[in-house]
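So the structure is just underneath, and the comments pick up after that.
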Protein chains: 2
Amino acid sequence: MNTTPLYRQLANHYLDAIRSGTLKTGERFPSIRLMMEKHAVSLSTAVQVCRELEDYGVLEARPRSGNYIRQPDKPQKTSPIALVQPLDTGVYVGIHEQVSSVLKASQRALIKVNFASAYCAPELYPLKTLQDNMVKSLRHDSCLYGVAGSTNGNSALRSLLARRALTTKANLTAERIVITNGATEAINLALRAVTQPGDTVAVESPTFYGLLQILESLNLRVLEVPASAHTGINLNALQLLLQGPEKIKAMIVIPNLQNPLGSIMPDANKARLVKLCAEHDTVLIEDDTYGDLVDTEQPLSTLKHWDRSDNVIYCASLNKTLAPGMRLGWISAGRWHERVEMLKHTQSRGCEALSQLAVSAFMKTPSYERYLRRLRKTLTQQRQQMSEAITRHFPIGTSVTHPQGGTLLWVELPRRHSSMAFFHEALKVGIQISPGDIFSNAKRFNHFVRIGCGAPYSPKIDEAVQTLGRILKNQG
Amino acid sequence: MNTTPLYRQLANHYLDAIRSGTLKTGERFPSIRLMMEKHAVSLSTAVQVCRELEDYGVLEARPRSGNYIRQPDKPQKTSPIALVQPLDTGVYVGIHEQVSSVLKASQRALIKVNFASAYCAPELYPLKTLQDNMVKSLRHDSCLYGVAGSTNGNSALRSLLARRALTTKANLTAERIVITNGATEAINLALRAVTQPGDTVAVESPTFYGLLQILESLNLRVLEVPASAHTGINLNALQLLLQGPEKIKAMIVIPNLQNPLGSIMPDANKARLVKLCAEHDTVLIEDDTYGDLVDTEQPLSTLKHWDRSDNVIYCASLNKTLAPGMRLGWISAGRWHERVEMLKHTQSRGCEALSQLAVSAFMKTPSYERYLRRLRKTLTQQRQQMSEAITRHFPIGTSVTHPQGGTLLWVELPRRHSSMAFFHEALKVGIQISPGDIFSNAKRFNHFVRIGCGAPYSPKIDEAVQTLGRILKNQG
């Protein structure tokens with residue numbers, strides 16, 4: 001646990017923003033009311049934050065007008081707190097080849113119910129708003145497609161993203177953000193910036209199979225570090241590996257709502273992970289694609305927030321939270337920014353403008369946060385319903401994660417079951433699931449499946465879960 | 001020169017299309033009138049083509065309905081013709097680092113007249129049509145952004161591209177085309193599919209600096225092969241290199257309207273290049289970005305057309321011909337298709353759908369070819385005007401290329417001039433040009449500049465050319 005009082009944490013957070021220039025001298029500071037809403041804090045906490053900032057000499061109260069930023073005085077430190085964790089030395093080396101065969105089999109099949117997707121159902125996304133915004137942009141600027149976009153992307157969107165990152169306590173500056181074709185391209189760029197083919201990169205185990213594919217395609221070696229559904233990556237295991245003979249060039253971590261575990265790292269773990277990586281000169285690549293789906297009043301911190309030595313590359317995406325058809329991710333690569341910018345330019349040039357304009361127009365309205373709140377509530381209900389159905393229909397001995405957000409459940413079947421056999425049986429009757437095998441090169445997960453619950457619960461879904469249960473019972 | 005009669009060339013072309021399945025059994029064959037228009041051939045030639053195909057047993061005439069495809073009989077060979085060329089042994093090894101400093105300097109400057117762009121002026125592009133098509137798609141399908149696109153891209157667009165490729169005598173099948181973020185991504189994928197870091201790749205010299213940047217970013221070694229503004233790459237020089245000790249893994253060539261030379265390879269050279277590369281197990285990567293800008297009634301052949309051993313990877317883009325703001329390229333990688341598909345999936349996933357839909361809707365109308373014809377005419381006039389102005393205002397001893405299409409002139413200044421000094425002087429007065437130095441790692445081109453004439457000629461442009469002339473006269 002972080003022992004720093006909340007008001008001081010928030011004050012530090014704003015201090016960083018002022019120092020980095022995300023909040024500029026002369027600019028109006030958020031009102032007490034807005035701060036209460038944004039950070040889900042009490043009136044007294046919000047007031048204390050302002051007092052603290054006034055004490056630091058960075059806030060100036062103007063009568064009947066509000067608080068304004070003035071020149072900051074001195075820097076201030078946050079010290080991360082160590083946490084003792086149970087040791088798990090089960091580490092795995094290798095790259096996965098099974099993924100594409102699973103994806104190809106799914107493509108060939110006639111899918112009636114898809115539990116393999118990490119997306120929400122289309123009806124949960126603000127498609128109308130986004131498409132209306134696009135129409136407006138197309139009507140408004142008849143020369144929208146007449147000029148090539150900049151490599152880094154739309155500057156208004158980059159500013160909005162930097163602003164929003166403040167609520168997850170990361171200090172990103174708009175100038176050092178690059179808009180990418182999804183988090184996929186962002187992670188590719190991060191890896192290309194800091195590794196060479198043949199280098200070793202650590203990932204959580206289990207992890208999103210897409211990451212394993214990226215690593216394989218870049219000819220990188222993969223080292224898997226055990227992770228739990230409760231607190232994410234096992235830091236003691238990581239520490240042992242970092243102290244070992246094999247140089248770990250980079251590490252990719254999903255700190256909030258890990259895919260597939262749904263784990264959320266406690267703040268102390270985040271701080272320790274960042275420190276460990278910095279100490280061992282291992283670049284930490286953070287994938288924050290799911291952060292906005294955490295069902296919480298108080299936004300969670302990112303790894304970037306704990307980064308004091310510019311050793312964390314922050315990657316994220318909007319296509320899970322806003323629209324699956326939109327290839328919109330971004331990367332903030334700190335000291336590797338120039339290299340990432342160059343690689344983005346040579347790899348695909350700047351992204352098309354339209355999606356960026358549509359998202360900007362939405363993101364700057366209060367509807368955006370309202371939409372996310374609603375989405376999180378809906379997903380919590382869907383996870384609950386799916387979890388109950390699995391408990392009801394799957395064999396005794398099955399256990400299901402209870403993540404604090406998102407669309408994914410990680411289901412452990414009794415050991416006698418093979419998730420690949422389960423996958424193929426289910427596919428025969430038009431039900432698609434993600435077998436545990438593809439989330440790791442270790443054989444640890446061959447009795448696990450990932451079940452997506454992005455769609456509103458329905459009789460059709462219930463029937464499919466029953467069918468899955470029957471398949472398992474016939475197998476067992 | 002190709003000595004095969006035109007009607008037989010066309011017949012072979014259609015035979016290939018039928019064999020590869022691009023034209024399918026039972027499908028209606030283009031009418032005589034359409035063939036005359038498409039290939040700019042006479043009535044008698046078009047009729048002869050149909051007779052030839054009937055002789056091969058692949059065409060079936062149905063009364064009052066037209067010709068239809070039936071099962072083909074036997075394959076047929078084309079034999080490439082060797083051509084003796086003057087020898088040029090000036091070859092160069094190295095990768096260029098100067099490009100980004102030139103680009104950065106340009107970004108910092110206040111540009112009044114931009115002669116460095118290879119794009120046309122926005123008003124020459126069919127932006128209204130494309131944007132209107134987008135609005136229609138957005139209105140028509142309220143769930144357009146609700147689902148993730150396929151890795152390979154929109155199938156209707158891929159079919160249209162395969163169809164259109166027939167007029168440039170390349171047989172591409174829609175199933176083996178992947179839509180990419182511009183030709184830039186296509187070339188990246190091609191190189192990643194067939195090379196490893198450290199491998200050597202040959203390019204034309206001079207060549208588009210963007211290619212040199214891509215090669216550098218992928219840690220590939222570059223071997224430059226001399227090229228002329230008349231017939232493109234020097235094949236005798238290439239042959240010597242291929243026979244030399246250094247293994248050339250791949251070669252990138254722009255056969256039609258090379259950038260910056262504007263050269264067009266004669267058919268015999270294309271055939272010989274393809275054969276040479278195949279014989280030496282060097283993968284030939286063709287960049288056909290400018291093919292549609294060749295000012296000709298009879299579309300020119302691509303390298304892919306001469307490819308009998310599936311050794312040519314075809315890359316192209318629409319963003320020079322249709323809209324600079326559109327990131328739409330494609331790749332047809334033949335036997336490397338599966339690998340390219342995998343790399344595209346892991347690098348950036350499938351491209352967004354909207355641009356693809358808008359282009360498909362435009363491409364399937366007759367307006368598309370009409371637009372291209374008009375654009376080519378306009379550019380021919382602009383090149384002419386620019387060429388005259390350069391001749392008028394630049395120092396005696398300057399020579400200018402006369403390419404058969406496109407937006408680019410390659411200007412050779414008297415040897416005493418330095419193109420880098422010229423570039424910086426011009427930038428000071430807000431005129432941007434591309435110095436010859438960045439098109440090669442050799443020092444051969446430091447008295448060359450590339451001048452773009454994508455904008456309609458105007459007094460402002462004329463004044464800028466005069467200013468450039470004055471700068472040169474002061475330097476000399």
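As shown in the structure tokens, the chain order sets the letters A, B, ...; within each chain, residues go from 1, and ligands are also counted from 1 in the order they appear.
If you count only C-alpha atoms and ignore residues fewer than 2 places along the chain from B:Leu303, what sits within 10 Å of it is Thr168, Lys169, Ala170, Val253, Ile254, Pro255, Asn256, Met265, Asp267, Asn269, Lys270, Ala271, Arg272, Leu273, Val274, Leu284, Ile285, Glu286, Asp287, Asp288, Leu300, Ser301, His305, Trp306, Asp307, Val312, Ile313 and Tyr314 of chain B.
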- Task: Compute the set of chain B residues within 7 Å of chain A, using only C-alpha atoms, and express it as a ChimeraX atom specification.
- Result: /B:122,127-128,131,135,138,142-143,145-149,181-182,184-185,188,213-214,217,323-327,343,346-348,352
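Taking atom CA of A:Ser440 and atom CA of A:Phe208 as endpoints, the distance between them is 8.3 Å.
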- Among stretch 219-308 of chain B, which ones does DSSP place in strand (DSSP E), written as a ChimeraX atom specification? /B:221-228,232-233,248-253,283-287
Need the shell around stretch 397-408 of chain B: protein/DNA/RNA residues with any atom at most 9 Å away, counting only C-alpha atoms. Skip same-chain ones fewer than 2 positions apart. Format as a PDB file with N, CA and C atoms, in the first residue's frame?
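Produced file around_1.pdb, reproduced below:
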ATOM      1  N   SER B 117       7.631  18.314 -52.707  1.00  0.00           N
ATOM      2  CA  SER B 117       6.587  17.305 -52.590  1.00  0.00           C
ATOM      3  C   SER B 117       6.417  16.529 -53.900  1.00  0.00           C
ATOM      4  N   ALA B 118       6.139  15.241 -53.765  1.00  0.00           N
ATOM      5  CA  ALA B 118       5.841  14.424 -54.946  1.00  0.00           C
ATOM      6  C   ALA B 118       4.326  14.366 -55.195  1.00  0.00           C
ATOM      7  N   TYR B 119       3.560  14.983 -54.288  1.00  0.00           N
ATOM      8  CA  TYR B 119       2.099  14.990 -54.437  1.00  0.00           C
ATOM      9  C   TYR B 119       1.642  16.024 -55.453  1.00  0.00           C
ATOM     10  N   CYS B 120       0.430  15.839 -55.941  1.00  0.00           N
ATOM     11  CA  CYS B 120      -0.221  16.878 -56.721  1.00  0.00           C
ATOM     12  C   CYS B 120      -0.828  17.888 -55.747  1.00  0.00           C
ATOM     13  N   ALA B 229      17.928   8.146 -66.710  1.00  0.00           N
ATOM     14  CA  ALA B 229      16.600   8.750 -66.835  1.00  0.00           C
ATOM     15  C   ALA B 229      15.854   8.196 -68.047  1.00  0.00           C
ATOM     16  N   HIS B 230      16.558   7.499 -68.941  1.00  0.00           N
ATOM     17  CA  HIS B 230      15.885   6.974 -70.126  1.00  0.00           C
ATOM     18  C   HIS B 230      15.290   5.586 -69.904  1.00  0.00           C
ATOM     19  N   LEU B 257       8.088   5.340 -64.128  1.00  0.00           N
ATOM     20  CA  LEU B 257       8.235   6.654 -63.490  1.00  0.00           C
ATOM     21  C   LEU B 257       9.031   6.563 -62.201  1.00  0.00           C
ATOM     22  N   ASN B 259      11.344   7.291 -59.185  1.00  0.00           N
ATOM     23  CA  ASN B 259      11.504   8.491 -58.363  1.00  0.00           C
ATOM     24  C   ASN B 259      12.959   8.536 -57.907  1.00  0.00           C
ATOM     25  N   PRO B 260      13.752   9.535 -58.321  1.00  0.00           N
ATOM     26  CA  PRO B 260      13.415  10.813 -58.929  1.00  0.00           C
ATOM     27  C   PRO B 260      13.582  10.880 -60.452  1.00  0.00           C
ATOM     28  N   LEU B 261      14.080   9.829 -61.090  1.00  0.00           N
ATOM     29  CA  LEU B 261      14.487   9.970 -62.499  1.00  0.00           C
ATOM     30  C   LEU B 261      13.333  10.132 -63.483  1.00  0.00           C
ATOM     31  N   GLY B 262      12.177   9.571 -63.136  1.00  0.00           N
ATOM     32  CA  GLY B 262      11.066   9.590 -64.091  1.00  0.00           C
ATOM     33  C   GLY B 262      11.254   8.585 -65.209  1.00  0.00           C
ATOM     34  N   SER B 263      12.234   7.725 -65.100  1.00  0.00           N
ATOM     35  CA  SER B 263      12.516   6.757 -66.168  1.00  0.00           C
ATOM     36  C   SER B 263      11.428   5.692 -66.257  1.00  0.00           C
ATOM     37  N   ILE B 264      11.279   5.158 -67.468  1.00  0.00           N
ATOM     38  CA  ILE B 264      10.371   4.038 -67.701  1.00  0.00           C
ATOM     39  C   ILE B 264      11.185   2.932 -68.357  1.00  0.00           C
ATOM     40  N   TYR B 290       3.684   4.863 -59.051  1.00  0.00           N
ATOM     41  CA  TYR B 290       3.473   5.931 -60.019  1.00  0.00           C
ATOM     42  C   TYR B 290       2.908   5.463 -61.360  1.00  0.00           C
ATOM     43  N   GLY B 291       2.700   4.143 -61.494  1.00  0.00           N
ATOM     44  CA  GLY B 291       2.284   3.570 -62.773  1.00  0.00           C
ATOM     45  C   GLY B 291       1.080   4.258 -63.401  1.00  0.00           C
ATOM     46  N   ASP B 292       0.090   4.597 -62.579  1.00  0.00           N
ATOM     47  CA  ASP B 292      -1.132   5.213 -63.109  1.00  0.00           C
ATOM     48  C   ASP B 292      -0.912   6.640 -63.596  1.00  0.00           C
ATOM     49  N   LEU B 293       0.252   7.188 -63.308  1.00  0.00           N
ATOM     50  CA  LEU B 293       0.514   8.570 -63.730  1.00  0.00           C
ATOM     51  C   LEU B 293       1.271   8.636 -65.059  1.00  0.00           C
ATOM     52  N   VAL B 294       1.584   7.488 -65.658  1.00  0.00           N
ATOM     53  CA  VAL B 294       2.263   7.491 -66.955  1.00  0.00           C
ATOM     54  C   VAL B 294       1.296   8.000 -68.024  1.00  0.00           C
ATOM     55  N   ASP B 295       1.711   9.037 -68.736  1.00  0.00           N
ATOM     56  CA  ASP B 295       0.835   9.663 -69.726  1.00  0.00           C
ATOM     57  C   ASP B 295       0.889   8.861 -71.029  1.00  0.00           C
ATOM     58  N   THR B 296       0.050   7.843 -71.117  1.00  0.00           N
ATOM     59  CA  THR B 296       0.069   6.948 -72.261  1.00  0.00           C
ATOM     60  C   THR B 296      -1.326   6.402 -72.500  1.00  0.00           C
ATOM     61  N   ARG B 376      -3.524  13.007 -65.689  1.00  0.00           N
ATOM     62  CA  ARG B 376      -2.287  12.822 -66.462  1.00  0.00           C
ATOM     63  C   ARG B 376      -2.065  13.986 -67.424  1.00  0.00           C
ATOM     64  N   LYS B 377      -3.147  14.411 -68.082  1.00  0.00           N
ATOM     65  CA  LYS B 377      -3.051  15.547 -69.021  1.00  0.00           C
ATOM     66  C   LYS B 377      -2.611  16.805 -68.286  1.00  0.00           C
ATOM     67  N   LEU B 379      -0.997  17.071 -65.498  1.00  0.00           N
ATOM     68  CA  LEU B 379       0.393  16.987 -65.044  1.00  0.00           C
ATOM     69  C   LEU B 379       1.375  17.183 -66.191  1.00  0.00           C
ATOM     70  N   THR B 380       1.005  16.673 -67.360  1.00  0.00           N
ATOM     71  CA  THR B 380       1.881  16.845 -68.524  1.00  0.00           C
ATOM     72  C   THR B 380       2.077  18.324 -68.807  1.00  0.00           C
ATOM     73  N   GLN B 382       1.711  20.793 -66.606  1.00  0.00           N
ATOM     74  CA  GLN B 382       2.468  21.390 -65.502  1.00  0.00           C
ATOM     75  C   GLN B 382       3.965  21.095 -65.622  1.00  0.00           C
ATOM     76  N   ARG B 383       4.281  19.849 -65.995  1.00  0.00           N
ATOM     77  CA  ARG B 383       5.702  19.503 -66.169  1.00  0.00           C
ATOM     78  C   ARG B 383       6.329  20.365 -67.262  1.00  0.00           C
ATOM     79  N   GLN B 384       5.566  20.531 -68.350  1.00  0.00           N
ATOM     80  CA  GLN B 384       6.040  21.315 -69.481  1.00  0.00           C
ATOM     81  C   GLN B 384       6.346  22.747 -69.053  1.00  0.00           C
ATOM     82  N   SER B 387       9.310  22.895 -66.706  1.00  0.00           N
ATOM     83  CA  SER B 387      10.535  22.610 -67.444  1.00  0.00           C
ATOM     84  C   SER B 387      10.997  23.843 -68.220  1.00  0.00           C
ATOM     85  N   ILE B 390      12.394  26.452 -65.772  1.00  0.00           N
ATOM     86  CA  ILE B 390      13.741  26.105 -65.302  1.00  0.00           C
ATOM     87  C   ILE B 390      14.767  26.423 -66.390  1.00  0.00           C
ATOM     88  N   THR B 391      14.455  26.035 -67.608  1.00  0.00           N
ATOM     89  CA  THR B 391      15.351  26.306 -68.730  1.00  0.00           C
ATOM     90  C   THR B 391      15.598  27.816 -68.865  1.00  0.00           C
ATOM     91  N   PHE B 394      17.274  29.063 -64.861  1.00  0.00           N
ATOM     92  CA  PHE B 394      18.443  28.433 -64.230  1.00  0.00           C
ATOM     93  C   PHE B 394      19.691  28.696 -65.072  1.00  0.00           C
ATOM     94  N   PRO B 395      20.877  28.530 -64.502  1.00  0.00           N
ATOM     95  CA  PRO B 395      22.122  28.856 -65.230  1.00  0.00           C
ATOM     96  C   PRO B 395      22.290  28.001 -66.493  1.00  0.00           C
ATOM     97  N   TRP B 410      13.944  15.888 -62.548  1.00  0.00           N
ATOM     98  CA  TRP B 410      15.281  15.680 -61.964  1.00  0.00           C
ATOM     99  C   TRP B 410      16.224  16.604 -62.703  1.00  0.00           C
ATOM    100  N   VAL B 411      16.751  17.560 -61.970  1.00  0.00           N
ATOM    101  CA  VAL B 411      17.471  18.667 -62.594  1.00  0.00           C
ATOM    102  C   VAL B 411      18.968  18.560 -62.292  1.00  0.00           C
ATOM    103  N   GLU B 412      19.761  18.517 -63.352  1.00  0.00           N
ATOM    104  CA  GLU B 412      21.211  18.491 -63.156  1.00  0.00           C
ATOM    105  C   GLU B 412      21.767  19.895 -63.341  1.00  0.00           C
ATOM    106  N   LEU B 413      22.405  20.402 -62.279  1.00  0.00           N
ATOM    107  CA  LEU B 413      22.983  21.740 -62.333  1.00  0.00           C
ATOM    108  C   LEU B 413      24.417  21.633 -62.833  1.00  0.00           C
ATOM    109  N   PRO B 414      24.991  22.747 -63.284  1.00  0.00           N
ATOM    110  CA  PRO B 414      26.431  22.712 -63.607  1.00  0.00           C
ATOM    111  C   PRO B 414      27.205  22.219 -62.379  1.00  0.00           C
ATOM    112  N   ARG B 415      28.285  21.494 -62.610  1.00  0.00           N
ATOM    113  CA  ARG B 415      28.975  20.775 -61.540  1.00  0.00           C
ATOM    114  C   ARG B 415      29.468  21.654 -60.390  1.00  0.00           C
ATOM    115  N   ARG B 450      15.711  17.638 -57.107  1.00  0.00           N
ATOM    116  CA  ARG B 450      14.425  17.155 -57.598  1.00  0.00           C
ATOM    117  C   ARG B 450      13.405  18.268 -57.406  1.00  0.00           C
ATOM    118  N   ILE B 451      12.695  18.566 -58.485  1.00  0.00           N
ATOM    119  CA  ILE B 451      11.689  19.638 -58.430  1.00  0.00           C
ATOM    120  C   ILE B 451      10.315  19.028 -58.704  1.00  0.00           C
ATOM    121  N   GLY B 452       9.402  19.209 -57.746  1.00  0.00           N
ATOM    122  CA  GLY B 452       8.044  18.703 -57.906  1.00  0.00           C
ATOM    123  C   GLY B 452       7.192  19.725 -58.637  1.00  0.00           C
ATOM    124  N   CYS B 453       6.393  19.258 -59.591  1.00  0.00           N
ATOM    125  CA  CYS B 453       5.491  20.197 -60.273  1.00  0.00           C
ATOM    126  C   CYS B 453       4.065  19.669 -60.199  1.00  0.00           C
ATOM    127  N   GLY B 454       3.643  19.329 -58.987  1.00  0.00           N
ATOM    128  CA  GLY B 454       2.293  18.821 -58.765  1.00  0.00           C
ATOM    129  C   GLY B 454       1.255  19.928 -58.698  1.00  0.00           C
ATOM    130  N   ALA B 455       1.706  21.177 -58.601  1.00  0.00           N
ATOM    131  CA  ALA B 455       0.747  22.286 -58.474  1.00  0.00           C
ATOM    132  C   ALA B 455       0.576  22.998 -59.814  1.00  0.00           C
TER     133      ALA B 455
END
